[in-house]
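K.L.:
Dumping the structure here so I can ask a few things about it.
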Amino acid sequence: MSYIQHKSEESIEDYLETILILSKRLPAVRSIDIAAALSYSKPSVSVAMKNLRYRNLILVNEDGGILLTEEGRRIAESTYERHTLLTDWLISLGVSPQIAAADACKMEHDMTPESFDAIKRFILCHQ
């Protein structure tokens with residue numbers, strides 16, 4: 001996978017994860033909510049939402065609410081699990097919460113499923 005493809009996949013995962021998180025606390029997720037959460041411009045988010053719709057990862061209802069498809073939810077939940085587990089683990093190692101969250105965000109995209117599963121098993125066995 002090229003660097004550009006990798007960054008694109010990272011961006012998709014970040015958008016889907018953000019939609020998942022926002023959907024837990026808002027009655028409806030809109031592009032403006034995503035733009036605010038990620039500190040992106042509304043036009044950038046609009047282009048990303050078009051791309052996610054094209055890839056069948058989201059649906060947009062007639063009121064403009066953004067919903068995850070089954071595949072979009074699967075990717076979002078996997079990304080969110082990686083993020084939260086890695087953040088909590090780094091904090092338990094003494095890393096500040098802000099740095100732990102930033103580092104976990106980088107790690108969650110680059111780690112293979114095999115490595116993540118091994119870290120997850122290790123953490124769960126040593127709690």
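By convention in this document, the chains of the structure tokens carry letters A, B, ... by their order, each chain's residues are numbered from 1, and ligands are numbered from 1 in the order they are shown.
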So that I can see what lies close to range 11-18 of chain A, please list as number ranges by chain the residues with an atom at most 12 Å from it, counting only C-alpha atoms and leaving out residues fewer than 5 positions away in the same chain.
P.N.:
A: 4-6, 23-26, 29-31, 33-40, 44-53, 55-59, 66-84, 105-106, 108-110
K.L.:
Check chain A with DSSP on the backbone and list each residue it calls alpha helix (DSSP H), as a PyMOL selection string.
P.N.:
chain A and resi 3-25+31-38+42-54+70-92+97-110+113-125
K.L.:
With C-alpha atoms kept, could you save the residues just selected as a CSV table (one decimal), in the first residue's frame?
P.N.:
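Ended up saving to selection.csv:
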```csv
chain,number,residue,atom,x,y,z
A,3,TYR,CA,1.8,6.2,1.6
A,4,ILE,CA,-1.2,8.1,0.0
A,5,GLN,CA,-3.4,5.0,0.2
A,6,HIS,CA,-2.4,4.5,3.8
A,7,LYS,CA,-3.2,8.1,4.8
A,8,SER,CA,-6.5,7.8,3.0
A,9,GLU,CA,-7.4,4.6,4.9
A,10,GLU,CA,-6.4,6.4,8.2
A,11,SER,CA,-8.6,9.3,7.4
A,12,ILE,CA,-11.6,7.0,6.6
A,13,GLU,CA,-11.1,5.2,10.0
A,14,ASP,CA,-10.9,8.6,11.8
A,15,TYR,CA,-14.1,9.8,10.2
A,16,LEU,CA,-16.0,6.6,11.0
A,17,GLU,CA,-14.7,6.5,14.5
A,18,THR,CA,-15.8,10.1,15.0
A,19,ILE,CA,-19.3,9.3,13.6
A,20,LEU,CA,-19.5,6.4,16.1
A,21,ILE,CA,-18.5,8.5,19.1
A,22,LEU,CA,-20.8,11.4,18.1
A,23,SER,CA,-23.7,9.0,17.6
A,24,LYS,CA,-23.4,7.9,21.2
A,25,ARG,CA,-24.1,11.4,22.5
A,31,SER,CA,-21.4,17.1,8.9
A,32,ILE,CA,-21.1,20.2,11.0
A,33,ASP,CA,-20.7,18.0,14.1
A,34,ILE,CA,-18.0,16.0,12.5
A,35,ALA,CA,-16.2,19.2,11.3
A,36,ALA,CA,-16.3,20.6,14.8
A,37,ALA,CA,-15.1,17.4,16.5
A,38,LEU,CA,-12.1,17.0,14.1
A,42,LYS,CA,-17.1,21.9,6.4
A,43,PRO,CA,-16.1,21.5,2.7
A,44,SER,CA,-13.4,19.0,3.6
A,45,VAL,CA,-16.0,17.0,5.6
A,46,SER,CA,-18.5,17.2,2.8
A,47,VAL,CA,-16.0,15.7,0.4
A,48,ALA,CA,-15.1,13.0,2.9
A,49,MET,CA,-18.8,12.1,3.4
A,50,LYS,CA,-19.3,11.8,-0.3
A,51,ASN,CA,-16.4,9.4,-0.4
A,52,LEU,CA,-17.8,7.4,2.5
A,53,ARG,CA,-21.2,7.2,0.9
A,54,TYR,CA,-19.6,6.0,-2.4
A,70,GLU,CA,-23.0,-2.4,8.9
A,71,GLU,CA,-19.5,-2.3,7.3
A,72,GLY,CA,-18.9,1.3,8.4
A,73,ARG,CA,-19.9,0.4,12.0
A,74,ARG,CA,-17.5,-2.6,12.0
A,75,ILE,CA,-14.6,-0.5,10.9
A,76,ALA,CA,-15.5,2.3,13.4
A,77,GLU,CA,-15.9,-0.1,16.3
A,78,SER,CA,-12.6,-1.8,15.6
A,79,THR,CA,-10.8,1.5,15.3
A,80,TYR,CA,-12.4,2.8,18.5
A,81,GLU,CA,-11.5,-0.4,20.4
A,82,ARG,CA,-7.9,-0.1,19.3
A,83,HIS,CA,-7.9,3.6,20.3
A,84,THR,CA,-9.4,3.1,23.8
A,85,LEU,CA,-7.4,0.0,24.7
A,86,LEU,CA,-4.1,1.6,23.6
A,87,THR,CA,-4.9,4.9,25.3
A,88,ASP,CA,-5.7,3.2,28.6
A,89,TRP,CA,-2.7,1.0,28.4
A,90,LEU,CA,-0.3,3.9,27.7
A,91,ILE,CA,-1.9,5.9,30.6
A,92,SER,CA,-1.4,2.8,32.9
A,97,PRO,CA,-3.6,11.3,29.0
A,98,GLN,CA,-3.2,13.8,26.2
A,99,ILE,CA,0.0,12.2,24.8
A,100,ALA,CA,-1.5,8.7,25.3
A,101,ALA,CA,-4.5,9.6,23.2
A,102,ALA,CA,-2.4,11.2,20.5
A,103,ASP,CA,0.0,8.2,20.3
A,104,ALA,CA,-2.8,5.7,20.4
A,105,CYS,CA,-4.4,7.5,17.4
A,106,LYS,CA,-1.2,7.0,15.5
A,107,MET,CA,-0.7,3.4,16.6
A,108,GLU,CA,-4.3,2.3,16.0
A,109,HIS,CA,-3.9,2.8,12.2
A,110,ASP,CA,-0.5,1.1,11.7
A,113,PRO,CA,-4.6,-7.3,13.7
A,114,GLU,CA,-2.1,-9.9,14.9
A,115,SER,CA,0.0,-7.4,16.9
A,116,PHE,CA,-3.1,-5.7,18.3
A,117,ASP,CA,-4.6,-9.1,19.4
A,118,ALA,CA,-1.3,-10.0,21.1
A,119,ILE,CA,-1.2,-6.7,23.0
A,120,LYS,CA,-4.9,-7.0,23.9
A,121,ARG,CA,-4.3,-10.6,25.3
A,122,PHE,CA,-1.3,-9.4,27.2
A,123,ILE,CA,-3.1,-6.4,28.7
A,124,LEU,CA,-6.2,-8.5,29.6
A,125,CYS,CA,-4.0,-11.2,31.2
```
K.L.:
Using DSSP secondary structure from the backbone, list all strand (DSSP E) positions within range 53-109 of chain A, as a ChimeraX atom specification.
P.N.:
/A:58-60,66-68
